[in-house]
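Shown below: target.cif, with mmCIF, N, CA and C atoms and all ligand atoms.
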```
data_model
loop_
_atom_site.label_atom_id
_atom_site.label_comp_id
_atom_site.auth_asym_id
_atom_site.auth_seq_id
_atom_site.Cartn_x
_atom_site.Cartn_y
_atom_site.Cartn_z
N MET A 189 49.64 73.63 74.38
CA MET A 189 49.16 72.71 75.40
C MET A 189 50.04 71.46 75.42
N THR A 190 50.59 71.20 76.57
CA THR A 190 51.48 70.04 76.63
C THR A 190 50.67 68.77 76.93
N VAL A 191 51.33 67.66 76.73
CA VAL A 191 50.70 66.37 76.95
C VAL A 191 51.07 65.90 78.36
N LYS A 192 50.09 65.57 79.17
CA LYS A 192 50.36 65.04 80.50
C LYS A 192 50.71 63.56 80.38
N PHE A 193 51.82 63.18 80.97
CA PHE A 193 52.26 61.79 80.85
C PHE A 193 51.17 60.83 81.35
N GLU A 194 50.48 61.23 82.41
CA GLU A 194 49.45 60.38 83.01
C GLU A 194 48.31 60.08 82.03
N THR A 195 48.14 60.96 81.04
CA THR A 195 47.01 60.77 80.13
C THR A 195 47.40 60.01 78.86
N LEU A 196 48.67 59.67 78.75
CA LEU A 196 49.14 58.94 77.56
C LEU A 196 48.53 57.54 77.51
N LYS A 197 48.20 57.10 76.30
CA LYS A 197 47.68 55.76 76.13
C LYS A 197 48.45 55.06 75.01
N ALA A 198 48.62 53.76 75.19
CA ALA A 198 49.26 52.98 74.12
C ALA A 198 48.39 53.08 72.88
N GLY A 199 49.01 53.25 71.74
CA GLY A 199 48.28 53.34 70.49
C GLY A 199 47.98 54.78 70.09
N GLU A 200 48.22 55.70 71.00
CA GLU A 200 47.95 57.10 70.72
C GLU A 200 49.00 57.68 69.77
N VAL A 201 48.61 58.65 68.98
CA VAL A 201 49.54 59.31 68.08
C VAL A 201 49.73 60.75 68.54
N LEU A 202 50.99 61.13 68.72
CA LEU A 202 51.32 62.51 69.08
C LEU A 202 52.09 63.14 67.94
N TYR A 203 52.29 64.45 68.04
CA TYR A 203 52.99 65.17 66.99
C TYR A 203 54.12 65.99 67.57
N ASP A 204 55.28 65.85 66.98
CA ASP A 204 56.46 66.59 67.38
C ASP A 204 56.56 67.77 66.41
N CYS A 205 56.28 68.96 66.93
CA CYS A 205 56.20 70.15 66.06
C CYS A 205 57.41 71.04 66.31
N HIS A 206 58.34 71.05 65.38
CA HIS A 206 59.55 71.86 65.51
C HIS A 206 59.41 73.16 64.75
N ASN A 207 59.68 74.24 65.43
CA ASN A 207 59.88 75.49 64.70
C ASN A 207 61.35 75.54 64.35
N GLU A 208 61.69 75.78 63.12
CA GLU A 208 63.10 75.78 62.79
C GLU A 208 63.40 76.66 61.59
N LEU A 209 64.67 76.98 61.45
CA LEU A 209 65.14 77.65 60.25
C LEU A 209 65.37 76.57 59.23
N LEU A 210 64.81 76.75 58.06
CA LEU A 210 64.84 75.67 57.08
C LEU A 210 65.96 75.87 56.07
N GLY A 211 66.77 74.86 55.93
CA GLY A 211 67.83 74.86 54.93
C GLY A 211 68.67 76.12 55.05
N ASN A 212 69.06 76.67 53.93
CA ASN A 212 69.89 77.86 53.95
C ASN A 212 69.07 79.10 53.60
N THR A 213 67.74 78.96 53.73
CA THR A 213 66.87 80.04 53.28
C THR A 213 66.65 81.09 54.35
N MET A 214 66.99 80.77 55.62
CA MET A 214 66.71 81.64 56.75
C MET A 214 65.20 81.86 56.89
N CYS A 215 64.42 80.95 56.33
CA CYS A 215 62.98 81.04 56.50
C CYS A 215 62.59 80.22 57.72
N ARG A 216 61.71 80.78 58.49
CA ARG A 216 61.20 80.01 59.61
C ARG A 216 60.06 79.15 59.11
N GLY A 217 60.09 77.91 59.52
CA GLY A 217 59.01 77.03 59.13
C GLY A 217 58.78 76.04 60.22
N MET A 218 57.84 75.18 60.01
CA MET A 218 57.57 74.17 61.02
C MET A 218 57.57 72.79 60.39
N SER A 219 58.25 71.87 61.06
CA SER A 219 58.21 70.48 60.66
C SER A 219 57.35 69.73 61.65
N VAL A 220 56.54 68.84 61.15
CA VAL A 220 55.67 68.06 62.02
C VAL A 220 56.00 66.58 61.83
N TRP A 221 56.34 65.92 62.94
CA TRP A 221 56.67 64.49 62.88
C TRP A 221 55.68 63.71 63.73
N THR A 222 55.43 62.50 63.32
CA THR A 222 54.46 61.66 64.03
C THR A 222 55.17 60.81 65.08
N ILE A 223 54.58 60.74 66.26
CA ILE A 223 55.09 59.87 67.32
C ILE A 223 53.98 58.90 67.70
N VAL A 224 54.21 57.61 67.47
CA VAL A 224 53.22 56.61 67.86
C VAL A 224 53.61 56.03 69.22
N VAL A 225 52.70 56.10 70.16
CA VAL A 225 52.96 55.56 71.50
C VAL A 225 52.69 54.05 71.44
N LYS A 226 53.75 53.26 71.70
CA LYS A 226 53.60 51.81 71.59
C LYS A 226 53.15 51.20 72.92
N SER A 227 53.81 51.58 74.02
CA SER A 227 53.39 51.06 75.32
C SER A 227 53.92 51.97 76.42
N ILE A 228 53.25 51.92 77.56
CA ILE A 228 53.66 52.71 78.71
C ILE A 228 54.47 51.80 79.62
N ASP A 229 55.58 52.33 80.13
CA ASP A 229 56.52 51.52 80.88
C ASP A 229 56.96 52.34 82.10
N GLY A 230 56.15 52.27 83.16
CA GLY A 230 56.47 53.03 84.36
C GLY A 230 56.46 54.52 84.10
N ASN A 231 57.59 55.17 84.30
CA ASN A 231 57.70 56.61 84.09
C ASN A 231 58.22 56.95 82.70
N ALA A 232 58.09 56.01 81.79
CA ALA A 232 58.54 56.22 80.42
C ALA A 232 57.56 55.53 79.47
N ALA A 233 57.76 55.75 78.20
CA ALA A 233 56.91 55.10 77.21
C ALA A 233 57.77 54.72 76.01
N TRP A 234 57.39 53.63 75.37
CA TRP A 234 58.05 53.22 74.13
C TRP A 234 57.32 53.89 72.98
N VAL A 235 58.10 54.57 72.16
CA VAL A 235 57.48 55.28 71.05
C VAL A 235 58.22 55.00 69.75
N SER A 236 57.50 55.18 68.66
CA SER A 236 58.14 55.14 67.34
C SER A 236 58.03 56.54 66.76
N TRP A 237 59.16 57.18 66.57
CA TRP A 237 59.19 58.55 66.08
C TRP A 237 59.34 58.54 64.56
N ASN A 238 58.37 59.11 63.87
CA ASN A 238 58.42 59.21 62.41
C ASN A 238 58.70 57.85 61.76
N GLY A 239 58.13 56.79 62.33
CA GLY A 239 58.27 55.46 61.74
C GLY A 239 59.59 54.78 62.05
N ASN A 240 60.42 55.39 62.90
CA ASN A 240 61.71 54.79 63.25
C ASN A 240 61.51 53.67 64.27
N PRO A 241 62.55 52.84 64.50
CA PRO A 241 62.43 51.77 65.50
C PRO A 241 62.04 52.34 66.86
N ASP A 242 61.33 51.53 67.65
CA ASP A 242 60.84 51.97 68.95
C ASP A 242 61.97 52.44 69.84
N ARG A 243 61.72 53.46 70.61
CA ARG A 243 62.70 53.89 71.61
C ARG A 243 61.94 54.34 72.85
N ARG A 244 62.67 54.33 73.98
CA ARG A 244 62.05 54.62 75.25
C ARG A 244 62.28 56.08 75.59
N GLU A 245 61.20 56.79 75.90
CA GLU A 245 61.32 58.20 76.25
C GLU A 245 60.73 58.42 77.63
N SER A 246 61.42 59.21 78.44
CA SER A 246 60.95 59.47 79.81
C SER A 246 59.77 60.45 79.77
N ARG A 247 59.09 60.56 80.89
CA ARG A 247 57.91 61.41 80.96
C ARG A 247 58.22 62.86 80.59
N HIS A 248 59.45 63.31 80.87
CA HIS A 248 59.80 64.70 80.57
C HIS A 248 59.74 64.98 79.07
N TYR A 249 60.05 63.96 78.31
CA TYR A 249 60.03 64.10 76.85
C TYR A 249 58.65 64.57 76.39
N PHE A 250 57.61 63.98 76.98
CA PHE A 250 56.25 64.28 76.54
C PHE A 250 55.76 65.62 77.06
N GLU A 251 56.47 66.17 78.04
CA GLU A 251 56.03 67.43 78.62
C GLU A 251 56.71 68.62 77.95
N GLN A 252 57.46 68.39 76.88
CA GLN A 252 58.02 69.51 76.12
C GLN A 252 56.91 70.16 75.32
N SER A 253 57.03 71.48 75.13
CA SER A 253 55.93 72.19 74.47
C SER A 253 55.77 71.78 73.01
N ARG A 254 56.82 71.20 72.40
CA ARG A 254 56.69 70.87 70.98
C ARG A 254 55.93 69.55 70.76
N ILE A 255 55.74 68.79 71.84
CA ILE A 255 55.00 67.54 71.71
C ILE A 255 53.51 67.85 71.92
N ARG A 256 52.72 67.54 70.92
CA ARG A 256 51.31 67.92 70.98
C ARG A 256 50.41 66.77 70.56
N ARG A 257 49.16 66.88 70.97
CA ARG A 257 48.19 65.85 70.58
C ARG A 257 47.68 66.09 69.16
N ALA A 258 47.79 67.33 68.71
CA ALA A 258 47.40 67.64 67.33
C ALA A 258 48.34 68.72 66.83
N PRO A 259 48.74 68.64 65.58
CA PRO A 259 49.58 69.72 65.04
C PRO A 259 48.74 70.97 64.86
N PRO A 260 49.38 72.13 64.70
CA PRO A 260 48.60 73.33 64.41
C PRO A 260 47.72 73.08 63.18
N GLU A 261 46.61 73.79 63.12
CA GLU A 261 45.69 73.55 62.01
C GLU A 261 46.36 73.87 60.67
N TRP A 262 47.16 74.93 60.65
CA TRP A 262 47.83 75.34 59.42
C TRP A 262 49.31 75.46 59.69
N VAL A 263 50.11 74.78 58.89
CA VAL A 263 51.54 74.70 59.12
C VAL A 263 52.29 75.36 57.96
N ASN A 264 53.15 76.29 58.32
CA ASN A 264 54.01 76.89 57.30
C ASN A 264 55.27 76.04 57.20
N ASN A 265 55.44 75.32 56.11
CA ASN A 265 56.61 74.44 56.00
C ASN A 265 57.83 75.18 55.46
N GLY A 266 57.69 76.50 55.27
CA GLY A 266 58.83 77.31 54.89
C GLY A 266 59.24 77.17 53.44
N LEU A 267 58.46 76.44 52.65
CA LEU A 267 58.83 76.24 51.25
C LEU A 267 58.17 77.28 50.35
N GLY A 268 57.57 78.27 50.96
CA GLY A 268 56.99 79.35 50.17
C GLY A 268 55.65 78.99 49.57
N SER A 269 55.09 77.87 49.99
CA SER A 269 53.81 77.46 49.42
C SER A 269 52.66 77.84 50.34
N GLY A 270 52.93 78.69 51.30
CA GLY A 270 51.88 79.11 52.21
C GLY A 270 51.65 78.09 53.29
N ARG A 271 50.63 78.34 54.09
CA ARG A 271 50.34 77.44 55.19
C ARG A 271 49.41 76.33 54.72
N ARG A 272 49.76 75.13 55.11
CA ARG A 272 48.98 73.97 54.69
C ARG A 272 48.62 73.10 55.87
N CYS A 273 47.61 72.27 55.66
CA CYS A 273 47.20 71.31 56.69
C CYS A 273 48.18 70.14 56.68
N HIS A 274 48.58 69.67 57.87
CA HIS A 274 49.50 68.54 57.97
C HIS A 274 48.86 67.26 57.42
N PHE A 275 47.55 67.13 57.55
CA PHE A 275 46.88 65.88 57.18
C PHE A 275 46.45 65.86 55.71
N CYS A 276 45.64 66.85 55.30
CA CYS A 276 45.10 66.78 53.93
C CYS A 276 45.96 67.56 52.95
N ARG A 277 46.96 68.32 53.45
CA ARG A 277 47.89 69.06 52.59
C ARG A 277 47.21 70.17 51.80
N GLU A 278 45.96 70.50 52.17
CA GLU A 278 45.30 71.60 51.49
C GLU A 278 45.87 72.92 52.01
N LYS A 279 45.82 73.93 51.17
CA LYS A 279 46.26 75.25 51.59
C LYS A 279 45.20 75.87 52.49
N GLN A 280 45.66 76.76 53.35
CA GLN A 280 44.73 77.42 54.27
C GLN A 280 43.62 78.14 53.49
N ASP A 281 43.98 78.74 52.35
CA ASP A 281 43.00 79.48 51.55
C ASP A 281 41.88 78.56 51.05
N ASN A 282 42.22 77.30 50.78
CA ASN A 282 41.24 76.37 50.22
C ASN A 282 40.41 75.68 51.30
N GLY A 283 40.94 75.62 52.49
CA GLY A 283 40.25 74.90 53.55
C GLY A 283 40.56 73.42 53.49
N HIS A 284 40.09 72.68 54.48
CA HIS A 284 40.42 71.25 54.57
C HIS A 284 39.65 70.46 53.52
N SER A 285 40.21 69.31 53.14
CA SER A 285 39.49 68.39 52.28
C SER A 285 38.33 67.80 53.08
N SER A 286 37.37 67.22 52.38
CA SER A 286 36.15 66.76 53.05
C SER A 286 36.41 65.56 53.95
N ASP A 287 37.55 64.89 53.77
CA ASP A 287 37.83 63.74 54.64
C ASP A 287 39.06 63.99 55.52
N CYS A 288 39.42 65.27 55.71
CA CYS A 288 40.60 65.59 56.50
C CYS A 288 40.43 65.09 57.93
N ARG A 289 41.53 64.55 58.53
CA ARG A 289 41.38 64.05 59.90
C ARG A 289 42.02 64.96 60.94
N HIS A 290 42.24 66.20 60.59
CA HIS A 290 42.66 67.14 61.64
C HIS A 290 41.49 67.33 62.61
N PRO A 291 41.78 67.28 63.92
CA PRO A 291 40.69 67.40 64.91
C PRO A 291 39.79 68.60 64.65
N LYS A 292 40.37 69.71 64.21
CA LYS A 292 39.55 70.91 63.98
C LYS A 292 38.64 70.72 62.77
N ALA A 293 39.17 70.06 61.72
CA ALA A 293 38.36 69.81 60.53
C ALA A 293 37.22 68.85 60.88
N ILE A 294 37.52 67.84 61.70
CA ILE A 294 36.50 66.87 62.10
C ILE A 294 35.41 67.58 62.90
N ARG A 295 35.84 68.45 63.80
CA ARG A 295 34.91 69.20 64.64
C ARG A 295 33.98 70.07 63.79
N VAL A 296 34.56 70.74 62.80
CA VAL A 296 33.75 71.60 61.94
C VAL A 296 32.72 70.76 61.18
N ARG A 297 33.16 69.58 60.70
CA ARG A 297 32.22 68.70 59.98
C ARG A 297 31.09 68.24 60.89
N GLU A 298 31.44 67.94 62.14
CA GLU A 298 30.41 67.51 63.09
C GLU A 298 29.38 68.62 63.31
N LEU A 299 29.89 69.84 63.46
CA LEU A 299 28.99 70.97 63.69
C LEU A 299 28.11 71.21 62.47
N GLU A 300 28.71 71.08 61.29
CA GLU A 300 27.94 71.27 60.05
C GLU A 300 26.85 70.21 59.93
N ALA A 301 27.23 68.96 60.23
CA ALA A 301 26.27 67.86 60.14
C ALA A 301 25.11 68.12 61.08
N LYS A 302 25.43 68.61 62.27
CA LYS A 302 24.41 68.91 63.26
C LYS A 302 23.48 70.00 62.74
N ALA A 303 24.11 71.06 62.21
CA ALA A 303 23.34 72.20 61.70
C ALA A 303 22.43 71.75 60.56
N ASN A 304 22.97 70.90 59.67
CA ASN A 304 22.17 70.40 58.55
C ASN A 304 21.01 69.56 59.05
N GLY A 305 21.31 68.73 60.04
CA GLY A 305 20.28 67.87 60.61
C GLY A 305 19.15 68.72 61.18
N LYS A 306 19.52 69.79 61.87
CA LYS A 306 18.51 70.66 62.47
C LYS A 306 17.68 71.34 61.40
N ALA A 307 18.39 71.86 60.37
CA ALA A 307 17.71 72.56 59.30
C ALA A 307 16.70 71.63 58.64
N LYS A 308 17.12 70.39 58.40
CA LYS A 308 16.26 69.38 57.78
C LYS A 308 15.03 69.17 58.65
N GLY A 309 15.29 69.02 59.95
CA GLY A 309 14.21 68.76 60.89
C GLY A 309 13.18 69.88 60.87
N SER A 310 13.65 71.12 60.85
CA SER A 310 12.71 72.23 60.91
C SER A 310 11.91 72.33 59.62
N THR A 311 12.58 71.97 58.48
CA THR A 311 11.86 72.00 57.20
C THR A 311 10.72 70.98 57.24
N THR A 312 11.04 69.80 57.77
CA THR A 312 10.04 68.74 57.84
C THR A 312 8.87 69.21 58.70
N ASN A 313 9.19 69.89 59.79
CA ASN A 313 8.14 70.34 60.69
C ASN A 313 7.25 71.40 60.03
N ALA A 314 7.90 72.21 59.16
CA ALA A 314 7.17 73.30 58.56
C ALA A 314 6.25 72.81 57.44
N THR A 315 6.55 71.61 56.90
CA THR A 315 5.73 71.08 55.79
C THR A 315 4.38 70.62 56.34
N PRO A 316 3.31 71.02 55.72
CA PRO A 316 2.00 70.62 56.21
C PRO A 316 1.71 69.11 56.07
ZN ZN B 401 43.18 69.31 56.55
#
```

Let me see the structure of the file written as structure tokens.
Amino acid sequence: MTVKFETLKAGEVLYDCHNELLGNTMCRGMSVWTIVVKSIDGNAAWVSWNGNPDRRESRHYFEQSRIRRAPPEWVNNGLGSGRRCHFCREKQDNGHSSDCRHPKAIRVRELEAKANGKAKGSTTNATP
């Protein structure tokens, strides 16, 4: 899913997700870089890529498929350590840490909290 330039907001964080051959290993992996949107400037925006000095990128830049609002939930960094979360660095097998800020992890926590709340409510109702 690409990012629509019209929906960009100053202060937003995007992710530049490159699929690439890593080093001399011929392993395919993915690198994820952070892009902080500093301000919108007509048909372009000032961004800081991976903490580098601000630079101006045209709207086409944001419409590339590698620019995303969230990185994939599990990223293979090609180092042979399996797929890991970009945010909490947990392995896919272990699942996200309890404070992971990946949108999917947050969503799952919200759903769990809701389910727990409901379960609690029904228990209370069942108690005489
Ligand atoms: Zn995570």

- Message: Is it possible to get the residues within 8 Å of (59.4, 55.2, 83.2) (coordinates as in the file, counting all atoms listed in the file) written as a VMD selection string?
- Response: chain A and resid 228 to 233 245 to 247

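Atom C of Phe275 (chain A) is found 5.9 Å from CA of Cys288 (chain A).
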
- Item | Protein and nucleic residues near ligand ZN 401 (chain B), 6 Å, all atoms listed in the file, as JSON, numbers by chain | {"A": [273, 274, 275, 276, 277, 278, 283, 284, 285, 288, 289, 290]}

- Task: Any chance you could list, as a ChimeraX atom specification, the residues in chain A that come up strand (DSSP E) when DSSP is run on the backbone?
- Result: /A:201-210,215-229,232-237,243-246,255-256,263-264,271-272

- Task: Could you check which of A:Ala307, A:Cys215, A:Val235, A:Leu267 is closest to Gly199 (chain A), using only C-alpha atoms?
- Result: A:Val235

- Query: How many Å separate CA of Glu300 (chain A) from atom N of Ser286 (chain A)?
  - Reply: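 About the pair CA of Glu300 (chain A) and atom N of Ser286 (chain A): they are 12.8 Å apart.
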
- Query: Between atom C of Arg256 (chain A) and atom C of Leu299 (chain A), what is the spacing in Å?
  - Reply: 24.1 Å

Which of chain A DSSP labels alpha helix (DSSP H), written as an mmCIF file with N, CA and C atoms, in the coordinates of the input:
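Below you can see part01.cif, which holds the result:
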```cif
data_model
loop_
_atom_site.group_PDB
_atom_site.id
_atom_site.type_symbol
_atom_site.label_atom_id
_atom_site.label_comp_id
_atom_site.auth_asym_id
_atom_site.auth_seq_id
_atom_site.Cartn_x
_atom_site.Cartn_y
_atom_site.Cartn_z
ATOM 1 N N ARG A 247 59.090 60.560 80.890
ATOM 2 C CA ARG A 247 57.910 61.410 80.960
ATOM 3 C C ARG A 247 58.220 62.860 80.590
ATOM 4 N N HIS A 248 59.450 63.310 80.870
ATOM 5 C CA HIS A 248 59.800 64.700 80.570
ATOM 6 C C HIS A 248 59.740 64.980 79.070
ATOM 7 N N TYR A 249 60.050 63.960 78.310
ATOM 8 C CA TYR A 249 60.030 64.100 76.850
ATOM 9 C C TYR A 249 58.650 64.570 76.390
ATOM 10 N N PHE A 250 57.610 63.980 76.980
ATOM 11 C CA PHE A 250 56.250 64.280 76.540
ATOM 12 C C PHE A 250 55.760 65.620 77.060
ATOM 13 N N PRO A 291 41.780 67.280 63.920
ATOM 14 C CA PRO A 291 40.690 67.400 64.910
ATOM 15 C C PRO A 291 39.790 68.600 64.650
ATOM 16 N N LYS A 292 40.370 69.710 64.210
ATOM 17 C CA LYS A 292 39.550 70.910 63.980
ATOM 18 C C LYS A 292 38.640 70.720 62.770
ATOM 19 N N ALA A 293 39.170 70.060 61.720
ATOM 20 C CA ALA A 293 38.360 69.810 60.530
ATOM 21 C C ALA A 293 37.220 68.850 60.880
ATOM 22 N N ILE A 294 37.520 67.840 61.700
ATOM 23 C CA ILE A 294 36.500 66.870 62.100
ATOM 24 C C ILE A 294 35.410 67.580 62.900
ATOM 25 N N ARG A 295 35.840 68.450 63.800
ATOM 26 C CA ARG A 295 34.910 69.200 64.640
ATOM 27 C C ARG A 295 33.980 70.070 63.790
ATOM 28 N N VAL A 296 34.560 70.740 62.800
ATOM 29 C CA VAL A 296 33.750 71.600 61.940
ATOM 30 C C VAL A 296 32.720 70.760 61.180
ATOM 31 N N ARG A 297 33.160 69.580 60.700
ATOM 32 C CA ARG A 297 32.220 68.700 59.980
ATOM 33 C C ARG A 297 31.090 68.240 60.890
ATOM 34 N N GLU A 298 31.440 67.940 62.140
ATOM 35 C CA GLU A 298 30.410 67.510 63.090
ATOM 36 C C GLU A 298 29.380 68.620 63.310
ATOM 37 N N LEU A 299 29.890 69.840 63.460
ATOM 38 C CA LEU A 299 28.990 70.970 63.690
ATOM 39 C C LEU A 299 28.110 71.210 62.470
ATOM 40 N N GLU A 300 28.710 71.080 61.290
ATOM 41 C CA GLU A 300 27.940 71.270 60.050
ATOM 42 C C GLU A 300 26.850 70.210 59.930
ATOM 43 N N ALA A 301 27.230 68.960 60.230
ATOM 44 C CA ALA A 301 26.270 67.860 60.140
ATOM 45 C C ALA A 301 25.110 68.120 61.080
ATOM 46 N N LYS A 302 25.430 68.610 62.270
ATOM 47 C CA LYS A 302 24.410 68.910 63.260
ATOM 48 C C LYS A 302 23.480 70.000 62.740
ATOM 49 N N ALA A 303 24.110 71.060 62.210
ATOM 50 C CA ALA A 303 23.340 72.200 61.700
ATOM 51 C C ALA A 303 22.430 71.750 60.560
ATOM 52 N N ASN A 304 22.970 70.900 59.670
ATOM 53 C CA ASN A 304 22.170 70.400 58.550
ATOM 54 C C ASN A 304 21.010 69.560 59.050
ATOM 55 N N GLY A 305 21.310 68.730 60.040
ATOM 56 C CA GLY A 305 20.280 67.870 60.610
ATOM 57 C C GLY A 305 19.150 68.720 61.180
ATOM 58 N N LYS A 306 19.520 69.790 61.870
ATOM 59 C CA LYS A 306 18.510 70.660 62.470
ATOM 60 C C LYS A 306 17.680 71.340 61.400
ATOM 61 N N ALA A 307 18.390 71.860 60.370
ATOM 62 C CA ALA A 307 17.710 72.560 59.300
ATOM 63 C C ALA A 307 16.700 71.630 58.640
ATOM 64 N N LYS A 308 17.120 70.390 58.400
ATOM 65 C CA LYS A 308 16.260 69.380 57.780
ATOM 66 C C LYS A 308 15.030 69.170 58.650
ATOM 67 N N GLY A 309 15.290 69.020 59.950
ATOM 68 C CA GLY A 309 14.210 68.760 60.890
ATOM 69 C C GLY A 309 13.180 69.880 60.870
ATOM 70 N N SER A 310 13.650 71.120 60.850
ATOM 71 C CA SER A 310 12.710 72.230 60.910
ATOM 72 C C SER A 310 11.910 72.330 59.620
ATOM 73 N N THR A 311 12.580 71.970 58.480
ATOM 74 C CA THR A 311 11.860 72.000 57.200
ATOM 75 C C THR A 311 10.720 70.980 57.240
ATOM 76 N N THR A 312 11.040 69.800 57.770
ATOM 77 C CA THR A 312 10.040 68.740 57.840
ATOM 78 C C THR A 312 8.870 69.210 58.700
ATOM 79 N N ASN A 313 9.190 69.890 59.790
ATOM 80 C CA ASN A 313 8.140 70.340 60.690
ATOM 81 C C ASN A 313 7.250 71.400 60.030
ATOM 82 N N ALA A 314 7.900 72.210 59.160
ATOM 83 C CA ALA A 314 7.170 73.300 58.560
ATOM 84 C C ALA A 314 6.250 72.810 57.440
#
```

Residues around (55.5, 66.6, 70.6), cut-off 7 Å, counting only C-alpha atoms - what are they as a compact mmCIF listing (two decimals) with N, CA and C atoms, keeping the file's coordinate frame?
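Okay, part38.txt is ready:
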```
# COMPACT_ATOMS: atom_id res chain seq x y z
N LEU A 202 50.99 61.13 68.72
CA LEU A 202 51.32 62.51 69.08
C LEU A 202 52.09 63.14 67.94
N TYR A 203 52.29 64.45 68.04
CA TYR A 203 52.99 65.17 66.99
C TYR A 203 54.12 65.99 67.57
N ASP A 204 55.28 65.85 66.98
CA ASP A 204 56.46 66.59 67.38
C ASP A 204 56.56 67.77 66.41
N CYS A 205 56.28 68.96 66.93
CA CYS A 205 56.20 70.15 66.06
C CYS A 205 57.41 71.04 66.31
N PHE A 250 57.61 63.98 76.98
CA PHE A 250 56.25 64.28 76.54
C PHE A 250 55.76 65.62 77.06
N GLN A 252 57.46 68.39 76.88
CA GLN A 252 58.02 69.51 76.12
C GLN A 252 56.91 70.16 75.32
N SER A 253 57.03 71.48 75.13
CA SER A 253 55.93 72.19 74.47
C SER A 253 55.77 71.78 73.01
N ARG A 254 56.82 71.20 72.40
CA ARG A 254 56.69 70.87 70.98
C ARG A 254 55.93 69.55 70.76
N ILE A 255 55.74 68.79 71.84
CA ILE A 255 55.00 67.54 71.71
C ILE A 255 53.51 67.85 71.92
N ARG A 256 52.72 67.54 70.92
CA ARG A 256 51.31 67.92 70.98
C ARG A 256 50.41 66.77 70.56
```

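Every protein or nucleic acid residue with an atom no more than 7 Å from Val224 (chain A), counting all atoms listed in the file and leaving out same-chain residues fewer than 3 positions away, appears here: Gly199, Glu200, Val201, Leu202, Ser227, Trp234, Val235, Ser236, Trp237, Asn238 and Gly239 of chain A.
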